[in-house]
Amino acid sequence: MEPLKQLVVKHFEKALITIILMAAFIGTILIEEKSIVLNFYYLPVLSAGYFLGRRMGVLTAILSILVVVVSTLFFPHLFFEGQEFFNTLAQLFSWGGFLILASIAVGTLYEQNERRLQDLKKRLYRCIRNPIKIS
């Protein structure tokens with residue numbers, strides 16, 4: 001039981017992002033209003049950027065965009081029914097662009113905080129090793 005627990009703890013963030021991404025894909029197929037569903041894809045992207053850094057955030061954004069593109073190719077009637085093709089296409093392109101920008105922003109903030117935390121740890125270690133003597 002302990003090895004299973006360690007495995008879950010080790011890969012918790014990746015599993016969470018995968019589950020959210022799968023839920024968003026299912027919502028893409030089942031929910032008619034696509035603008036609501038497309039915003040749901042921000043959850044795995046922002047989570048990946050926050051927990052795993054900028055690189056994984058951008059990769060999750062690209063994967064999310066690919067999931068939407070593939071579902072658009074396989075189910076075009078779900079995306080383009082009753083709407084003009086170019087308007088829907090422009091909406092998808094703008095959504096994808098903002099998704100990538102959001103992943104870059106959150107991932108950059110994550111990396112800045114990591115650098116600050118490492119700097120703080122180094123300073124704390126130096127203070128513990130070489131305490132300042134007050135006379």
# chains A, B, ... in the order shown; residues from 1 in each chain; ligands from 1
>>> residues_around(residues="stretch 78-86 of chain A", least_positions_apart="3", cutoff="9 Å", atoms="only C-alpha atoms", output="PyMOL selection string")
chain A and resi 28-34+71-72+75+89-91
>>> closest_atom_pairs(of="stretch 21-56 of chain A", to="stretch 114-130 of chain A", cutoff="12 Å", atoms="only C-alpha atoms", output="JSON lines")
{"residue": "A:Tyr50", "atom": "CA", "partner": "A:Glu114", "partner_atom": "CA", "distance": 10.7}
{"residue": "A:Phe51", "atom": "CA", "partner": "A:Glu114", "partner_atom": "CA", "distance": 10.8}
{"residue": "A:Leu52", "atom": "CA", "partner": "A:Glu114", "partner_atom": "CA", "distance": 10.9}
{"residue": "A:Gly53", "atom": "CA", "partner": "A:Glu114", "partner_atom": "CA", "distance": 9.4}
{"residue": "A:Arg54", "atom": "CA", "partner": "A:Glu114", "partner_atom": "CA", "distance": 11.6}
>>> write_last_selection(atoms="N, CA and C atoms", output="mmCIF file, in the first residue's frame")
data_model
loop_
_atom_site.group_PDB
_atom_site.id
_atom_site.type_symbol
_atom_site.label_atom_id
_atom_site.label_comp_id
_atom_site.auth_asym_id
_atom_site.auth_seq_id
_atom_site.Cartn_x
_atom_site.Cartn_y
_atom_site.Cartn_z
ATOM 1 N N TYR A 50 1.474 26.485 -12.670
ATOM 2 C CA TYR A 50 1.698 26.760 -11.250
ATOM 3 C C TYR A 50 2.481 25.651 -10.563
ATOM 4 N N PHE A 51 2.136 24.403 -10.846
ATOM 5 C CA PHE A 51 2.771 23.278 -10.152
ATOM 6 C C PHE A 51 4.051 22.792 -10.831
ATOM 7 N N LEU A 52 4.114 22.870 -12.166
ATOM 8 C CA LEU A 52 5.197 22.219 -12.896
ATOM 9 C C LEU A 52 6.108 23.167 -13.656
ATOM 10 N N GLY A 53 5.777 24.450 -13.716
ATOM 11 C CA GLY A 53 6.653 25.413 -14.372
ATOM 12 C C GLY A 53 6.178 25.825 -15.753
ATOM 13 N N ARG A 54 6.921 26.770 -16.331
ATOM 14 C CA ARG A 54 6.534 27.371 -17.606
ATOM 15 C C ARG A 54 6.531 26.359 -18.743
#
>>> residues_around(residues="A:Ala102", least_positions_apart="6", cutoff="12 Å", atoms="only C-alpha atoms", output="CSV table (one decimal) with N, CA, C and O atoms, in the first residue's frame")
chain,number,residue,atom,x,y,z
A,39,ASN,N,-13.2,27.9,-22.0
A,39,ASN,CA,-12.7,28.5,-20.8
A,39,ASN,C,-12.3,27.5,-19.7
A,39,ASN,O,-11.4,27.7,-18.9
A,41,TYR,N,-10.7,24.9,-20.3
A,41,TYR,CA,-9.3,24.4,-20.6
A,41,TYR,C,-8.2,25.2,-19.9
A,41,TYR,O,-7.1,24.8,-19.9
A,42,TYR,N,-8.6,26.4,-19.4
A,42,TYR,CA,-7.6,27.2,-18.6
A,42,TYR,C,-7.2,26.5,-17.3
A,42,TYR,O,-6.1,26.7,-16.9
A,43,LEU,N,-8.0,25.7,-16.8
A,43,LEU,CA,-7.7,25.0,-15.5
A,43,LEU,C,-6.5,24.1,-15.6
A,43,LEU,O,-5.6,24.3,-14.8
A,44,PRO,N,-6.4,23.2,-16.5
A,44,PRO,CA,-5.2,22.3,-16.6
A,44,PRO,C,-4.0,23.1,-16.9
A,44,PRO,O,-2.9,22.9,-16.5
A,45,VAL,N,-4.1,24.2,-17.8
A,45,VAL,CA,-3.0,24.9,-18.2
A,45,VAL,C,-2.4,25.8,-17.1
A,45,VAL,O,-1.2,25.8,-16.8
A,46,LEU,N,-3.3,26.4,-16.3
A,46,LEU,CA,-2.8,27.2,-15.2
A,46,LEU,C,-2.3,26.3,-14.1
A,46,LEU,O,-1.3,26.7,-13.4
A,47,SER,N,-2.9,25.2,-13.9
A,47,SER,CA,-2.4,24.2,-12.9
A,47,SER,C,-1.0,23.7,-13.2
A,47,SER,O,-0.2,23.6,-12.4
A,48,ALA,N,-0.8,23.4,-14.5
A,48,ALA,CA,0.5,22.9,-14.9
A,48,ALA,C,1.5,24.0,-14.8
A,48,ALA,O,2.6,23.8,-14.4
A,49,GLY,N,1.2,25.2,-15.2
A,49,GLY,CA,2.1,26.3,-15.0
A,49,GLY,C,2.5,26.6,-13.5
A,49,GLY,O,3.6,26.9,-13.2
A,50,TYR,N,1.5,26.5,-12.7
A,50,TYR,CA,1.7,26.8,-11.2
A,50,TYR,C,2.5,25.7,-10.6
A,50,TYR,O,3.4,25.9,-9.8
A,54,ARG,N,6.9,26.8,-16.3
A,54,ARG,CA,6.5,27.4,-17.6
A,54,ARG,C,6.5,26.4,-18.7
A,54,ARG,O,5.6,26.3,-19.6
A,57,GLY,N,3.6,24.1,-18.5
A,57,GLY,CA,2.4,24.9,-18.8
A,57,GLY,C,2.1,25.2,-20.2
A,57,GLY,O,1.0,25.0,-20.7
A,58,VAL,N,3.2,25.5,-20.9
A,58,VAL,CA,3.1,25.7,-22.4
A,58,VAL,C,2.8,24.4,-23.1
A,58,VAL,O,1.9,24.4,-24.0
A,60,THR,N,1.1,21.9,-21.9
A,60,THR,CA,-0.3,21.6,-21.6
A,60,THR,C,-1.2,22.5,-22.4
A,60,THR,O,-2.2,22.0,-22.9
A,61,ALA,N,-0.8,23.7,-22.6
A,61,ALA,CA,-1.6,24.6,-23.5
A,61,ALA,C,-1.6,24.1,-24.9
A,61,ALA,O,-2.7,24.1,-25.6
A,62,ILE,N,-0.5,23.7,-25.4
A,62,ILE,CA,-0.4,23.2,-26.8
A,62,ILE,C,-1.3,21.9,-26.9
A,62,ILE,O,-2.0,21.7,-27.9
A,95,TRP,N,-8.6,32.3,-28.7
A,95,TRP,CA,-8.6,31.5,-27.4
A,95,TRP,C,-7.3,30.8,-27.3
A,95,TRP,O,-6.7,30.8,-26.2
A,96,GLY,N,-6.8,30.2,-28.3
A,96,GLY,CA,-5.5,29.4,-28.3
A,96,GLY,C,-4.4,30.4,-27.9
A,96,GLY,O,-3.5,30.0,-27.1
A,108,THR,N,6.1,31.7,-15.7
A,108,THR,CA,7.2,32.6,-15.4
A,108,THR,C,7.1,33.0,-13.9
A,108,THR,O,8.1,33.1,-13.2
A,109,LEU,N,5.9,33.3,-13.4
A,109,LEU,CA,5.7,33.6,-12.0
A,109,LEU,C,6.2,32.5,-11.1
A,109,LEU,O,6.8,32.7,-10.1
>>> closest_residue(among="A:Pro131, A:Pro76, A:Leu66, A:Leu38", to="A:Ser94", atoms="only C-alpha atoms")
A:Leu38
>>> closest_residue(among="A:Val69, A:Ile100, A:Val106, A:Leu63", to="A:Thr18", atoms="only C-alpha atoms")
A:Leu63
>>> atom_distance(atom1="atom CA of A:Leu92", atom2="atom CA of A:Ser64")
11.6 Å
>>> decode(residues="stretch 19-60 of chain A", atoms="N, CA and C atoms", output="mmCIF file, in the first residue's frame")
data_model
loop_
_atom_site.group_PDB
_atom_site.id
_atom_site.type_symbol
_atom_site.label_atom_id
_atom_site.label_comp_id
_atom_site.auth_asym_id
_atom_site.auth_seq_id
_atom_site.Cartn_x
_atom_site.Cartn_y
_atom_site.Cartn_z
ATOM 1 N N ILE A 19 -6.687 14.571 -15.515
ATOM 2 C CA ILE A 19 -8.111 14.404 -15.222
ATOM 3 C C ILE A 19 -8.901 15.639 -15.638
ATOM 4 N N ILE A 20 -8.374 16.819 -15.342
ATOM 5 C CA ILE A 20 -9.064 18.053 -15.725
ATOM 6 C C ILE A 20 -9.130 18.173 -17.247
ATOM 7 N N LEU A 21 -8.040 17.814 -17.931
ATOM 8 C CA LEU A 21 -8.022 17.886 -19.386
ATOM 9 C C LEU A 21 -9.028 16.914 -19.998
ATOM 10 N N MET A 22 -9.137 15.718 -19.438
ATOM 11 C CA MET A 22 -10.118 14.759 -19.937
ATOM 12 C C MET A 22 -11.546 15.246 -19.689
ATOM 13 N N ALA A 23 -11.784 15.848 -18.536
ATOM 14 C CA ALA A 23 -13.112 16.393 -18.247
ATOM 15 C C ALA A 23 -13.456 17.521 -19.214
ATOM 16 N N ALA A 24 -12.473 18.353 -19.550
ATOM 17 C CA ALA A 24 -12.710 19.430 -20.509
ATOM 18 C C ALA A 24 -13.029 18.861 -21.885
ATOM 19 N N PHE A 25 -12.340 17.800 -22.282
ATOM 20 C CA PHE A 25 -12.613 17.176 -23.581
ATOM 21 C C PHE A 25 -14.020 16.598 -23.622
ATOM 22 N N ILE A 26 -14.425 15.937 -22.561
ATOM 23 C CA ILE A 26 -15.782 15.384 -22.509
ATOM 24 C C ILE A 26 -16.817 16.511 -22.553
ATOM 25 N N GLY A 27 -16.524 17.605 -21.849
ATOM 26 C CA GLY A 27 -17.411 18.761 -21.901
ATOM 27 C C GLY A 27 -17.490 19.369 -23.284
ATOM 28 N N THR A 28 -16.387 19.331 -24.027
ATOM 29 C CA THR A 28 -16.369 19.847 -25.392
ATOM 30 C C THR A 28 -17.349 19.092 -26.268
ATOM 31 N N ILE A 29 -17.439 17.813 -26.051
ATOM 32 C CA ILE A 29 -18.335 16.996 -26.864
ATOM 33 C C ILE A 29 -19.787 17.125 -26.393
ATOM 34 N N LEU A 30 -20.011 17.200 -25.081
ATOM 35 C CA LEU A 30 -21.371 17.143 -24.563
ATOM 36 C C LEU A 30 -22.084 18.486 -24.427
ATOM 37 N N ILE A 31 -21.358 19.567 -24.180
ATOM 38 C CA ILE A 31 -21.991 20.861 -23.932
ATOM 39 C C ILE A 31 -22.053 21.646 -25.242
ATOM 40 N N GLU A 32 -23.213 22.227 -25.520
ATOM 41 C CA GLU A 32 -23.397 22.921 -26.788
ATOM 42 C C GLU A 32 -22.679 24.261 -26.851
ATOM 43 N N GLU A 33 -22.685 25.040 -25.780
ATOM 44 C CA GLU A 33 -22.079 26.372 -25.786
ATOM 45 C C GLU A 33 -20.566 26.232 -25.630
ATOM 46 N N LYS A 34 -19.858 26.369 -26.737
ATOM 47 C CA LYS A 34 -18.420 26.100 -26.751
ATOM 48 C C LYS A 34 -17.592 27.167 -26.053
ATOM 49 N N SER A 35 -18.067 28.402 -26.000
ATOM 50 C CA SER A 35 -17.266 29.440 -25.340
ATOM 51 C C SER A 35 -17.123 29.151 -23.845
ATOM 52 N N ILE A 36 -18.116 28.535 -23.249
ATOM 53 C CA ILE A 36 -18.033 28.151 -21.834
ATOM 54 C C ILE A 36 -17.034 27.011 -21.663
ATOM 55 N N VAL A 37 -17.097 26.043 -22.540
ATOM 56 C CA VAL A 37 -16.223 24.867 -22.440
ATOM 57 C C VAL A 37 -14.769 25.240 -22.702
ATOM 58 N N LEU A 38 -14.536 26.139 -23.650
ATOM 59 C CA LEU A 38 -13.155 26.517 -23.963
ATOM 60 C C LEU A 38 -12.479 27.179 -22.766
ATOM 61 N N ASN A 39 -13.234 27.912 -21.973
ATOM 62 C CA ASN A 39 -12.651 28.533 -20.779
ATOM 63 C C ASN A 39 -12.267 27.494 -19.735
ATOM 64 N N PHE A 40 -12.903 26.327 -19.767
ATOM 65 C CA PHE A 40 -12.570 25.258 -18.827
ATOM 66 C C PHE A 40 -11.164 24.719 -19.077
ATOM 67 N N TYR A 41 -10.658 24.867 -20.295
ATOM 68 C CA TYR A 41 -9.311 24.403 -20.614
ATOM 69 C C TYR A 41 -8.231 25.235 -19.926
ATOM 70 N N TYR A 42 -8.585 26.379 -19.392
ATOM 71 C CA TYR A 42 -7.603 27.174 -18.649
ATOM 72 C C TYR A 42 -7.183 26.480 -17.349
ATOM 73 N N LEU A 43 -8.048 25.670 -16.765
ATOM 74 C CA LEU A 43 -7.726 25.008 -15.492
ATOM 75 C C LEU A 43 -6.491 24.109 -15.576
ATOM 76 N N PRO A 44 -6.417 23.164 -16.514
ATOM 77 C CA PRO A 44 -5.200 22.345 -16.550
ATOM 78 C C PRO A 44 -3.958 23.142 -16.941
ATOM 79 N N VAL A 45 -4.135 24.153 -17.788
ATOM 80 C CA VAL A 45 -2.988 24.945 -18.229
ATOM 81 C C VAL A 45 -2.426 25.760 -17.067
ATOM 82 N N LEU A 46 -3.298 26.439 -16.339
ATOM 83 C CA LEU A 46 -2.838 27.232 -15.201
ATOM 84 C C LEU A 46 -2.299 26.344 -14.081
ATOM 85 N N SER A 47 -2.922 25.188 -13.881
ATOM 86 C CA SER A 47 -2.420 24.246 -12.870
ATOM 87 C C SER A 47 -1.034 23.736 -13.240
ATOM 88 N N ALA A 48 -0.844 23.405 -14.504
ATOM 89 C CA ALA A 48 0.472 22.927 -14.941
ATOM 90 C C ALA A 48 1.521 24.020 -14.795
ATOM 91 N N GLY A 49 1.166 25.246 -15.155
ATOM 92 C CA GLY A 49 2.118 26.342 -15.001
ATOM 93 C C GLY A 49 2.460 26.600 -13.549
ATOM 94 N N TYR A 50 1.474 26.485 -12.670
ATOM 95 C CA TYR A 50 1.698 26.760 -11.250
ATOM 96 C C TYR A 50 2.481 25.651 -10.563
ATOM 97 N N PHE A 51 2.136 24.403 -10.846
ATOM 98 C CA PHE A 51 2.771 23.278 -10.152
ATOM 99 C C PHE A 51 4.051 22.792 -10.831
ATOM 100 N N LEU A 52 4.114 22.870 -12.166
ATOM 101 C CA LEU A 52 5.197 22.219 -12.896
ATOM 102 C C LEU A 52 6.108 23.167 -13.656
ATOM 103 N N GLY A 53 5.777 24.450 -13.716
ATOM 104 C CA GLY A 53 6.653 25.413 -14.372
ATOM 105 C C GLY A 53 6.178 25.825 -15.753
ATOM 106 N N ARG A 54 6.921 26.770 -16.331
ATOM 107 C CA ARG A 54 6.534 27.371 -17.606
ATOM 108 C C ARG A 54 6.531 26.359 -18.743
ATOM 109 N N ARG A 55 7.539 25.526 -18.811
ATOM 110 C CA ARG A 55 7.637 24.570 -19.914
ATOM 111 C C ARG A 55 6.440 23.622 -19.951
ATOM 112 N N MET A 56 6.099 23.050 -18.813
ATOM 113 C CA MET A 56 4.959 22.129 -18.768
ATOM 114 C C MET A 56 3.642 22.868 -18.970
ATOM 115 N N GLY A 57 3.575 24.121 -18.526
ATOM 116 C CA GLY A 57 2.374 24.909 -18.755
ATOM 117 C C GLY A 57 2.135 25.156 -20.231
ATOM 118 N N VAL A 58 3.201 25.511 -20.949
ATOM 119 C CA VAL A 58 3.075 25.747 -22.386
ATOM 120 C C VAL A 58 2.762 24.448 -23.115
ATOM 121 N N LEU A 59 3.392 23.350 -22.704
ATOM 122 C CA LEU A 59 3.093 22.061 -23.337
ATOM 123 C C LEU A 59 1.647 21.641 -23.096
ATOM 124 N N THR A 60 1.125 21.911 -21.903
ATOM 125 C CA THR A 60 -0.270 21.596 -21.617
ATOM 126 C C THR A 60 -1.192 22.480 -22.444
#
